[in-house]
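S.K.: Sending over a structure as structure tokens; questions will come in a sec.
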Amino acid sequence: MADVAARLTILFVCTGNVHRSPLAERLLATRLPEARVGSAGTMAQPITGMHPATRSVLEELGGSGAGFTSRRLTPELVAEADLVLGFDREHRETAVRLWPVALRKCFTVREFLRLAREVGEPVLRPESAHGEAAPPREVISRAATARGNLAPVSQAADGIADPCGAPYDVLLACGQAIDAAAATLATLLRERGRAQGTGC
């Protein structure tokens, strides 16, 4: 197994680190255990334990809420991550304000997946000289390059709405959307190159 310091580090960001980013953290970690996956909120307060409704949705989707503590987004968290994924553009923009050189590794979740789809074959299944999948940091770099070359979309198209205060079925639907995104992310980022050094 690759040295833990060399694993891909993925950070999900929402507002309170209560619903969306904790769900994404735990659902992707289940699907991509070789990565280091974390979450934070732009306005989060440090609270030990996952919100009961979030935990219920997570467990229904096959994840575990054990050992979770919410935390506020910091420049250090942005700097340490290889990929920062927000749920609205304001989350991506806050991460970039905290660590401006992180622009090329900060996206919304749906933006990153959209760029991968729109670029098509070279990003989804790029081939190395040996016919193997490209390392995930190359996938991230290509998505960043594509962002400047493709037509923009609406803010709503790049976001996953905040379920805070909504009925449980809205939170469950949000969790299901995040789980689907996590499945695609895991496919994109699972590769032969996890032993490479940090970068991006």
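Please note that chains go A, B, ... in the order of the structure tokens, that every chain numbers its residues from 1, and that ligands are numbered from 1 in the order shown.
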Show me a table, sorted first by chain and then by increasing residue number, of the residues of region 92-118 of chain A having an atom at most 7 Å from region 74-87 of chain A, each with its shortest atom pair and the distance in Å to one decimal, counting only C-alpha atoms and written as CSV.
M.R.:
residue,atom,partner,partner_atom,distance
A:Arg92,CA,A:Gly86,CA,5.3
A:Ala95,CA,A:Val78,CA,6.3
A:Leu98,CA,A:Pro75,CA,5.0
A:Trp99,CA,A:Pro75,CA,5.5
A:Ala102,CA,A:Ala79,CA,6.9
A:Lys105,CA,A:Leu83,CA,5.0
A:Cys106,CA,A:Val84,CA,4.7
A:Phe107,CA,A:Leu85,CA,5.1
A:Thr108,CA,A:Gly86,CA,4.3
A:Val109,CA,A:Leu85,CA,5.1
S.K.: Would you export the selected residues with C-alpha atoms as a short mmCIF file (atom, residue, chain, number, x, y, z; two decimals), in the first residue's frame, please?
M.R.:
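And here's result_4.cif as it stands now:
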data_model
loop_
_atom_site.label_atom_id
_atom_site.label_comp_id
_atom_site.auth_asym_id
_atom_site.auth_seq_id
_atom_site.Cartn_x
_atom_site.Cartn_y
_atom_site.Cartn_z
CA ARG A 92 -15.20 27.21 -3.96
CA ALA A 95 -11.47 28.33 -0.45
CA LEU A 98 -8.20 31.63 1.81
CA TRP A 99 -5.42 30.18 -0.37
CA ALA A 102 -5.35 26.80 -4.94
CA LYS A 105 -7.68 22.52 -7.55
CA CYS A 106 -10.93 24.13 -6.32
CA PHE A 107 -14.26 23.27 -7.96
CA THR A 108 -17.81 22.61 -7.00
CA VAL A 109 -18.60 18.89 -6.99
#
S.K.: Can you work out which one of A:Leu171, A:Met50, A:Ala44, A:Ala116 has the shortest atom-to-atom distance to Leu189 (chain A), counting only C-alpha atoms?
M.R.: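 Nearest candidate to Leu189 (chain A) out of A:Leu171, A:Met50, A:Ala44, A:Ala116: A:Ala116.
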S.K.: Give me every helix (DSSP H, G or I) residue in region 131-165 of chain A, going by DSSP on the backbone, as a PyMOL selection string.
M.R.: chain A and resi 136-147+156-158
S.K.: I need the chosen residues saved as a PDB file, in the first residue's frame, with N, CA and C atoms.
M.R.:
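Saved the output as out-v5.pdb:
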ATOM      1  N   PRO A 136      -4.610  10.593 -10.765  1.00  0.00           N
ATOM      2  CA  PRO A 136      -5.717  11.513 -10.491  1.00  0.00           C
ATOM      3  C   PRO A 136      -5.300  12.976 -10.525  1.00  0.00           C
ATOM      4  N   ARG A 137      -4.053  13.279 -10.166  1.00  0.00           N
ATOM      5  CA  ARG A 137      -3.635  14.681 -10.213  1.00  0.00           C
ATOM      6  C   ARG A 137      -3.618  15.209 -11.641  1.00  0.00           C
ATOM      7  N   GLU A 138      -3.393  14.324 -12.590  1.00  0.00           N
ATOM      8  CA  GLU A 138      -3.480  14.722 -13.998  1.00  0.00           C
ATOM      9  C   GLU A 138      -4.930  14.958 -14.389  1.00  0.00           C
ATOM     10  N   VAL A 139      -5.838  14.130 -13.885  1.00  0.00           N
ATOM     11  CA  VAL A 139      -7.263  14.331 -14.137  1.00  0.00           C
ATOM     12  C   VAL A 139      -7.693  15.695 -13.600  1.00  0.00           C
ATOM     13  N   ILE A 140      -7.247  16.040 -12.395  1.00  0.00           N
ATOM     14  CA  ILE A 140      -7.585  17.329 -11.787  1.00  0.00           C
ATOM     15  C   ILE A 140      -7.024  18.472 -12.622  1.00  0.00           C
ATOM     16  N   SER A 141      -5.787  18.336 -13.054  1.00  0.00           N
ATOM     17  CA  SER A 141      -5.155  19.384 -13.861  1.00  0.00           C
ATOM     18  C   SER A 141      -5.888  19.590 -15.180  1.00  0.00           C
ATOM     19  N   ARG A 142      -6.290  18.500 -15.832  1.00  0.00           N
ATOM     20  CA  ARG A 142      -7.001  18.621 -17.100  1.00  0.00           C
ATOM     21  C   ARG A 142      -8.371  19.262 -16.905  1.00  0.00           C
ATOM     22  N   ALA A 143      -9.038  18.941 -15.800  1.00  0.00           N
ATOM     23  CA  ALA A 143     -10.325  19.567 -15.513  1.00  0.00           C
ATOM     24  C   ALA A 143     -10.159  21.065 -15.303  1.00  0.00           C
ATOM     25  N   ALA A 144      -9.091  21.473 -14.613  1.00  0.00           N
ATOM     26  CA  ALA A 144      -8.829  22.897 -14.393  1.00  0.00           C
ATOM     27  C   ALA A 144      -8.585  23.613 -15.713  1.00  0.00           C
ATOM     28  N   THR A 145      -7.856  22.993 -16.604  1.00  0.00           N
ATOM     29  CA  THR A 145      -7.598  23.582 -17.915  1.00  0.00           C
ATOM     30  C   THR A 145      -8.891  23.692 -18.718  1.00  0.00           C
ATOM     31  N   ALA A 146      -9.721  22.674 -18.632  1.00  0.00           N
ATOM     32  CA  ALA A 146     -10.988  22.677 -19.370  1.00  0.00           C
ATOM     33  C   ALA A 146     -11.911  23.793 -18.897  1.00  0.00           C
ATOM     34  N   ARG A 147     -11.829  24.156 -17.633  1.00  0.00           N
ATOM     35  CA  ARG A 147     -12.717  25.189 -17.085  1.00  0.00           C
ATOM     36  C   ARG A 147     -12.561  26.502 -17.844  1.00  0.00           C
ATOM     37  N   ALA A 156     -26.929  27.305 -10.492  1.00  0.00           N
ATOM     38  CA  ALA A 156     -27.719  26.175 -10.013  1.00  0.00           C
ATOM     39  C   ALA A 156     -27.218  24.860 -10.590  1.00  0.00           C
ATOM     40  N   ALA A 157     -26.743  24.880 -11.835  1.00  0.00           N
ATOM     41  CA  ALA A 157     -26.277  23.652 -12.473  1.00  0.00           C
ATOM     42  C   ALA A 157     -25.015  23.114 -11.828  1.00  0.00           C
ATOM     43  N   ASP A 158     -24.251  23.984 -11.205  1.00  0.00           N
ATOM     44  CA  ASP A 158     -23.008  23.556 -10.564  1.00  0.00           C
ATOM     45  C   ASP A 158     -23.158  23.280  -9.074  1.00  0.00           C
TER      46      ASP A 158
END
S.K.: Could you check which of A:Arg36, A:Pro22, A:Arg72, A:Gln155 is closest to Thr94 (chain A), using only C-alpha atoms?
M.R.: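 Smallest distance to Thr94 (chain A) is found for A:Arg72.
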S.K.: Could you jot down the CA of Thr69 (chain A) to CA of Ile178 (chain A) separation for me, Å, one decimal place?
M.R.: 19.5 Å
S.K.: Glu59 (chain A): which residues within 12 Å, counting only C-alpha atoms, same-chain residues fewer than 4 positions away excluded, as a PyMOL selection string?
M.R.: chain A and resi 23+26-27+30+50+52-55+63-66+172+175-176+179
S.K.: Output C-alpha atoms for every residue in that selection, as a short mmCIF file (atom, residue, chain, number, x, y, z; two decimals), in the first residue's frame.
M.R.:
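The resulting file, again30.cif, is shown below:
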data_model
loop_
_atom_site.label_atom_id
_atom_site.label_comp_id
_atom_site.auth_asym_id
_atom_site.auth_seq_id
_atom_site.Cartn_x
_atom_site.Cartn_y
_atom_site.Cartn_z
CA LEU A 23 -22.21 13.01 3.75
CA ARG A 26 -18.03 9.53 4.44
CA LEU A 27 -19.64 8.27 1.21
CA THR A 30 -16.29 4.23 1.66
CA MET A 50 -22.76 14.05 13.40
CA PRO A 52 -28.75 12.81 13.85
CA ALA A 53 -30.62 13.25 10.56
CA THR A 54 -27.37 13.31 8.59
CA ARG A 55 -26.20 10.17 10.37
CA GLY A 63 -21.78 4.93 5.42
CA SER A 64 -20.79 5.47 9.04
CA GLY A 65 -20.97 8.66 11.07
CA ALA A 66 -18.67 7.44 13.83
CA LEU A 172 -32.35 11.96 1.86
CA GLY A 175 -27.71 12.38 0.19
CA GLN A 176 -28.65 10.24 -2.78
CA ASP A 179 -23.78 9.37 -3.21
#
